[in-house]
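Novice: For reference, the file target-v9.pdb (PDB, C-alpha atoms) is included below:
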```
MODEL        1
ATOM      1  CA  MET A  26      68.343 -43.295-246.066
ATOM      2  CA  PRO A  27      65.639 -41.163-247.678
ATOM      3  CA  ALA A  28      62.384 -40.516-245.890
ATOM      4  CA  LEU A  29      59.347 -42.694-246.508
ATOM      5  CA  SER A  30      57.495 -39.880-248.230
ATOM      6  CA  GLU A  31      60.307 -39.453-250.747
ATOM      7  CA  ILE A  32      60.247 -43.152-251.603
ATOM      8  CA  LEU A  33      56.490 -42.887-252.109
ATOM      9  CA  VAL A  34      56.821 -39.790-254.310
ATOM     10  CA  ALA A  35      59.551 -41.441-256.398
ATOM     11  CA  ALA A  36      57.465 -44.591-256.875
ATOM     12  CA  LEU A  37      54.398 -42.600-257.929
ATOM     13  CA  LEU A  38      56.449 -40.534-260.381
ATOM     14  CA  LEU A  39      58.018 -43.596-261.976
ATOM     15  CA  ALA A  40      54.645 -45.323-262.283
ATOM     16  CA  SER A  41      53.251 -42.229-263.980
ATOM     17  CA  GLY A  42      56.145 -42.134-266.437
ATOM     18  CA  VAL A  43      55.758 -45.806-267.348
ATOM     19  CA  ILE A  44      52.015 -45.395-267.882
ATOM     20  CA  VAL A  45      52.529 -42.395-270.165
ATOM     21  CA  LEU A  46      55.018 -44.435-272.173
ATOM     22  CA  VAL A  47      52.484 -47.267-272.477
ATOM     23  CA  ALA A  48      49.896 -44.761-273.698
ATOM     24  CA  ALA A  49      52.295 -43.424-276.323
ATOM     25  CA  LEU A  50      53.121 -46.943-277.508
ATOM     26  CA  GLY A  51      49.400 -47.613-277.803
ATOM     27  CA  LEU A  52      49.029 -44.442-279.836
ATOM     28  CA  TRP A  53      51.766 -45.673-282.146
ATOM     29  CA  ARG A  54      50.942 -49.350-282.497
ATOM     30  CA  LEU A  55      47.161 -49.723-282.522
ATOM     31  CA  PRO A  56      45.885 -50.295-286.061
ATOM     32  CA  ASP A  57      42.763 -48.133-286.345
ATOM     33  CA  PHE A  58      41.864 -44.571-285.359
ATOM     34  CA  PHE A  59      38.992 -45.604-283.106
ATOM     35  CA  LEU A  60      41.271 -48.055-281.324
ATOM     36  CA  ARG A  61      43.952 -45.409-281.060
ATOM     37  CA  MET A  62      41.562 -43.051-279.290
ATOM     38  CA  HIS A  63      41.631 -45.304-276.234
ATOM     39  CA  ALA A  64      45.352 -44.968-275.564
ATOM     40  CA  PRO A  65      45.712 -41.272-274.598
ATOM     41  CA  ALA A  66      42.965 -41.647-271.976
ATOM     42  CA  LEU A  67      45.535 -43.565-269.955
ATOM     43  CA  ALA A  68      47.714 -40.456-269.774
ATOM     44  CA  SER A  69      44.932 -38.019-268.924
ATOM     45  CA  THR A  70      43.432 -40.190-266.189
ATOM     46  CA  LEU A  71      45.760 -42.619-264.415
ATOM     47  CA  ALA A  72      49.085 -40.885-265.048
ATOM     48  CA  ALA A  73      47.654 -37.497-264.084
ATOM     49  CA  TRP A  74      46.171 -38.956-260.905
ATOM     50  CA  LEU A  75      49.479 -40.583-259.937
ATOM     51  CA  ILE A  76      51.528 -37.436-260.424
ATOM     52  CA  THR A  77      48.888 -35.421-258.578
ATOM     53  CA  PHE A  78      49.179 -37.727-255.597
ATOM     54  CA  ALA A  79      52.962 -37.441-255.838
ATOM     55  CA  SER A  80      52.905 -33.655-255.710
ATOM     56  CA  ILE A  81      50.272 -33.597-252.946
ATOM     57  CA  ILE A  82      52.491 -35.848-250.825
ATOM     58  CA  HIS A  83      55.603 -33.853-251.700
ATOM     59  CA  PHE A  84      54.172 -30.433-250.927
ATOM     60  CA  SER A  85      52.270 -31.604-247.847
ATOM     61  CA  THR A  86      55.359 -33.031-246.160
ATOM     62  CA  ARG A  87      57.272 -29.753-246.290
ATOM     63  CA  GLY A  88      55.572 -28.561-243.107
ATOM     64  CA  ALA A  89      53.292 -25.930-244.653
ATOM     65  CA  GLY A  90      50.096 -27.901-244.176
ATOM     66  CA  LEU A  91      48.005 -29.878-246.611
ATOM     67  CA  ALA A  92      48.528 -28.732-250.217
ATOM     68  CA  LEU A  93      45.436 -29.769-252.133
ATOM     69  CA  HIS A  94      45.375 -27.148-254.884
ATOM     70  CA  VAL A  95      46.885 -29.586-257.406
ATOM     71  CA  TRP A  96      43.506 -31.288-257.289
ATOM     72  CA  LEU A  97      42.160 -28.438-259.418
ATOM     73  CA  ILE A  98      44.091 -29.784-262.405
ATOM     74  CA  ILE A  99      42.470 -33.197-261.996
ATOM     75  CA  ILE A 100      39.024 -31.616-261.811
ATOM     76  CA  VAL A 101      39.576 -29.516-264.939
ATOM     77  CA  LEU A 102      41.108 -32.459-266.783
ATOM     78  CA  SER A 103      38.239 -34.787-265.901
ATOM     79  CA  ILE A 104      35.785 -32.239-267.284
ATOM     80  CA  THR A 105      37.647 -31.429-270.492
ATOM     81  CA  ALA A 106      39.072 -34.808-271.578
ATOM     82  CA  PRO A 107      35.689 -36.511-272.298
ATOM     83  CA  VAL A 108      34.466 -33.483-274.242
ATOM     84  CA  THR A 109      37.551 -33.562-276.460
ATOM     85  CA  THR A 110      37.180 -37.302-277.015
ATOM     86  CA  ILE A 111      33.508 -37.121-277.953
ATOM     87  CA  VAL A 112      33.950 -34.189-280.340
ATOM     88  CA  LEU A 113      36.939 -35.842-281.993
ATOM     89  CA  ALA A 114      35.145 -39.182-282.341
ATOM     90  CA  ARG A 115      32.163 -37.502-283.959
ATOM     91  CA  ALA A 116      34.434 -35.614-286.338
ATOM     92  CA  ALA A 117      36.182 -38.859-287.292
ATOM     93  CA  LEU A 118      32.862 -40.639-287.887
ATOM     94  CA  PHE A 119      31.635 -37.750-290.002
ATOM     95  CA  ARG A 120      34.791 -37.692-292.100
ATOM     96  CA  ARG A 121      34.739 -41.435-292.637
ATOM     97  CA  ARG A 122      31.135 -41.343-293.701
ATOM     98  CA  GLN A 123      31.942 -38.512-296.119
ATOM     99  CA  ALA A 124      34.898 -40.389-297.593
ATOM    100  CA  GLY A 125      32.958 -43.646-297.901
ATOM    101  CA  ASP A 126      35.459 -45.605-295.822
ATOM    102  CA  PRO A 127      34.273 -48.587-293.778
ATOM    103  CA  LEU A 128      32.762 -47.590-290.454
ATOM    104  CA  PRO A 129      33.126 -49.464-287.181
ATOM    105  CA  PRO A 130      30.237 -51.890-286.660
ATOM    106  CA  PRO A 131      27.233 -50.507-284.765
ATOM    107  CA  MET A 132      26.748 -51.439-281.141
ATOM    108  CA  GLN A 133      24.836 -54.623-280.522
ATOM    109  CA  SER A 134      21.551 -53.952-278.809
ATOM    110  CA  ARG A 135      20.928 -56.249-275.907
ATOM    111  CA  SER A 136      17.425 -57.508-275.426
TER
ATOM    112  CA  MET B  16      66.164 -33.150-252.178
ATOM    113  CA  SER B  17      67.649 -36.595-251.928
ATOM    114  CA  ASP B  18      69.459 -38.480-254.641
ATOM    115  CA  LEU B  19      66.619 -40.954-254.933
ATOM    116  CA  LEU B  20      63.989 -38.325-255.684
ATOM    117  CA  SER B  21      66.259 -36.479-258.076
ATOM    118  CA  LEU B  22      67.009 -39.684-259.969
ATOM    119  CA  ALA B  23      63.324 -40.609-260.071
ATOM    120  CA  ILE B  24      62.376 -37.203-261.458
ATOM    121  CA  THR B  25      65.073 -37.398-264.128
ATOM    122  CA  THR B  26      63.925 -40.874-265.164
ATOM    123  CA  THR B  27      60.304 -39.751-265.267
ATOM    124  CA  LEU B  28      61.175 -36.762-267.438
ATOM    125  CA  VAL B  29      63.092 -39.031-269.825
ATOM    126  CA  LEU B  30      60.075 -41.358-270.045
ATOM    127  CA  TYR B  31      57.797 -38.384-270.734
ATOM    128  CA  ALA B  32      60.146 -37.125-273.439
ATOM    129  CA  LEU B  33      60.202 -40.566-275.047
ATOM    130  CA  ALA B  34      56.411 -40.654-275.046
ATOM    131  CA  MET B  35      56.310 -37.202-276.617
ATOM    132  CA  VAL B  36      58.705 -38.284-279.361
ATOM    133  CA  ILE B  37      56.544 -41.326-280.147
ATOM    134  CA  ALA B  38      53.444 -39.136-280.267
ATOM    135  CA  LEU B  39      55.317 -36.702-282.497
ATOM    136  CA  ALA B  40      56.065 -39.567-284.886
ATOM    137  CA  ARG B  41      52.339 -40.338-284.965
ATOM    138  CA  LEU B  42      51.645 -36.651-285.593
ATOM    139  CA  PHE B  43      53.971 -36.599-288.585
ATOM    140  CA  ARG B  44      52.832 -39.931-289.972
ATOM    141  CA  GLY B  45      49.098 -39.400-289.772
ATOM    142  CA  PRO B  46      47.560 -41.104-291.729
ATOM    143  CA  SER B  47      44.391 -39.027-291.308
ATOM    144  CA  ALA B  48      43.873 -35.546-289.924
ATOM    145  CA  GLN B  49      42.093 -36.763-286.802
ATOM    146  CA  ASP B  50      45.147 -38.870-285.917
ATOM    147  CA  ARG B  51      47.225 -35.720-285.923
ATOM    148  CA  VAL B  52      44.741 -33.896-283.705
ATOM    149  CA  LEU B  53      44.726 -36.840-281.289
ATOM    150  CA  ALA B  54      48.526 -36.882-281.144
ATOM    151  CA  MET B  55      48.639 -33.128-280.512
ATOM    152  CA  ASP B  56      46.138 -33.446-277.678
ATOM    153  CA  PHE B  57      48.253 -36.216-276.176
ATOM    154  CA  ILE B  58      51.388 -34.085-276.442
ATOM    155  CA  TYR B  59      49.565 -31.278-274.612
ATOM    156  CA  VAL B  60      48.605 -33.632-271.771
ATOM    157  CA  VAL B  61      52.159 -34.958-271.470
ATOM    158  CA  GLY B  62      53.468 -31.390-271.441
ATOM    159  CA  MET B  63      51.162 -30.697-268.522
ATOM    160  CA  LEU B  64      52.574 -33.732-266.714
ATOM    161  CA  VAL B  65      56.098 -32.449-267.401
ATOM    162  CA  MET B  66      55.144 -29.166-265.735
ATOM    163  CA  LEU B  67      53.932 -31.034-262.641
ATOM    164  CA  ALA B  68      57.147 -33.058-262.490
ATOM    165  CA  LEU B  69      59.169 -29.839-262.764
ATOM    166  CA  ALA B  70      57.132 -28.374-259.900
ATOM    167  CA  ILE B  71      58.393 -31.192-257.688
ATOM    168  CA  ARG B  72      61.907 -30.899-259.114
ATOM    169  CA  TYR B  73      62.274 -27.177-258.404
ATOM    170  CA  ASP B  74      60.095 -27.215-255.289
ATOM    171  CA  SER B  75      57.991 -24.337-256.594
ATOM    172  CA  GLU B  76      54.236 -23.912-256.693
ATOM    173  CA  MET B  77      54.415 -21.488-259.611
ATOM    174  CA  TYR B  78      54.309 -24.387-262.053
ATOM    175  CA  PHE B  79      50.736 -25.276-261.163
ATOM    176  CA  GLU B  80      49.365 -22.194-262.846
ATOM    177  CA  GLY B  81      51.316 -23.121-265.945
ATOM    178  CA  ALA B  82      49.983 -26.661-265.851
ATOM    179  CA  LEU B  83      46.418 -25.429-265.415
ATOM    180  CA  LEU B  84      46.792 -23.043-268.344
ATOM    181  CA  MET B  85      48.208 -25.878-270.416
ATOM    182  CA  VAL B  86      45.156 -28.054-269.704
ATOM    183  CA  LEU B  87      42.818 -25.244-270.728
ATOM    184  CA  PHE B  88      44.724 -24.306-273.896
ATOM    185  CA  GLY B  89      44.983 -27.949-274.912
ATOM    186  CA  PHE B  90      41.241 -28.364-274.481
ATOM    187  CA  VAL B  91      40.391 -25.259-276.458
ATOM    188  CA  SER B  92      42.760 -26.040-279.317
ATOM    189  CA  SER B  93      41.686 -29.683-279.590
ATOM    190  CA  VAL B  94      38.000 -28.785-279.625
ATOM    191  CA  ALA B  95      38.610 -26.042-282.175
ATOM    192  CA  LEU B  96      40.539 -28.411-284.440
ATOM    193  CA  ALA B  97      37.913 -31.134-284.102
ATOM    194  CA  LYS B  98      35.205 -28.619-284.886
ATOM    195  CA  PHE B  99      37.190 -27.554-287.916
ATOM    196  CA  LEU B 100      37.389 -31.168-289.093
ATOM    197  CA  LEU B 101      33.658 -31.520-288.583
ATOM    198  CA  ARG B 102      32.463 -28.504-290.505
ATOM    199  CA  GLY B 103      35.389 -26.778-292.161
ATOM    200  CA  GLU B 104      34.901 -23.748-289.936
ATOM    201  CA  VAL B 105      35.586 -23.161-286.280
ATOM    202  CA  ILE B 106      32.489 -21.380-284.990
TER
ENDMDL
END
```
Would you mind writing the structure in this file as structure tokens?

Specialist:
Amino acid sequence: MPALSEILVAALLLASGVIVLVAALGLWRLPDFFLRMHAPALASTLAAWLITFASIIHFSTRGAGLALHVWLIIIVLSITAPVTTIVLARAALFRRRQAGDPLPPPMQSRS
Amino acid sequence: MSDLLSLAITTTLVLYALAMVIALARLFRGPSAQDRVLAMDFIYVVGMLVMLALAIRYDSEMYFEGALLMVLFGFVSSVALAKFLLRGEVI
């Protein structure tokens, strides 16, 4: 009978793997580039959080105290992922405008 | 390490590899250049997750530095490629 912490770590790992697979399927199946940009965010937020919790639990239950340094990866990722997305979205808009392809409709202003 | 954890890590790595293969198909297919950049960024993130899973698998904290470096290199390369798409030059 494995320990409770190992069951928890295994469940978190499997959830992370399934979510990354869902993100990849979204990257493959969604029809437009601006729709496709949404899918990888699933991998860089939820899947990264889940595997971070898994490794925090795993390394904290070895008896060497709380191991929180994995958190650094989450912090760096949550700073860099939005910057990448914004720069890439602006590049895609610019290229579409240059090529004369149809743009996504502008946001509705709410009054 | 128990059988359960070992099996879970193997399954997770297989799922990650499958996701990377799908993203690689998107990278080869395109259709536009920004799709390829997006797929490469995704592959970088999944590679970072693979490093974290290997850290649990081999019970070593050395993998965290690798994962951190992978996040930073992925960020720099994606921003450089996006900047290149925007202007035709990097800086």

Novice: Smallest atom-to-atom distance to chain B: which of A:Ala92, A:Leu55, A:Ala79, A:Leu46, using only C-alpha atoms?

Specialist: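 Of A:Ala92, A:Leu55, A:Ala79, A:Leu46, the one nearest chain B is A:Leu46, counting only C-alpha atoms.
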
Novice: For chain A, which residues have at least one atom within 7 Å of chain B, if we go by only C-alpha atoms? Write them as a list in words, please.

Specialist: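 On the chain A side, the interface is Pro27, Glu31, Ala35, Leu38, Leu39, Gly42, Val43, Val45, Leu46, Ala49, Leu52, Trp53, Phe58, Pro65, Ser69, Ala73, Ser80, Val95, Ile98, Leu102, Thr105, Thr109, Val112, Leu113, Ala116, Ala117 and Phe119 of chain A.
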
Novice: Nearest to Gly103 of chain B among A:Arg120, A:His94, A:Leu37, A:Arg54, with distances taken over all atoms listed in the file: which residue is it?

Specialist: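 Under the stated criterion, the closest residue is A:Arg120.
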
Novice: Give me the residues within 8 Å of Ala114 of chain A as a ChimeraX atom specification, counting only C-alpha atoms and dropping any in the same chain fewer than 4 places off.

Specialist: /A:59,110,118

Novice: Mind giving me the straight-line distance from atom CA of Leu60 of chain A to atom CA of Val101 of chain A in Å, one decimal?

Specialist: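 Taking atom CA of Leu60 of chain A as the start and atom CA of Val101 of chain A as the end point, the length is 24.8 Å.
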
Novice: What is the distance between atom CA of Pro127 of chain A and atom CA of Asp57 of chain A, in Å to one decimal?

Specialist: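 We find that atom CA of Pro127 of chain A and atom CA of Asp57 of chain A lie 11.3 Å from each other.
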
Novice: Report the residues retrieved by the PyMOL selection byres ((chain A and resi 64) around 7) from the displayed file, expressed as a PyMOL selection string.

Specialist: chain A and resi 48+51-52+61-63+65-67

Novice: Which distance in Å separates atom CA of Leu91 of chain A and atom CA of Thr70 of chain A, to one decimal?

Specialist: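 These two atoms are separated by 22.6 Å.
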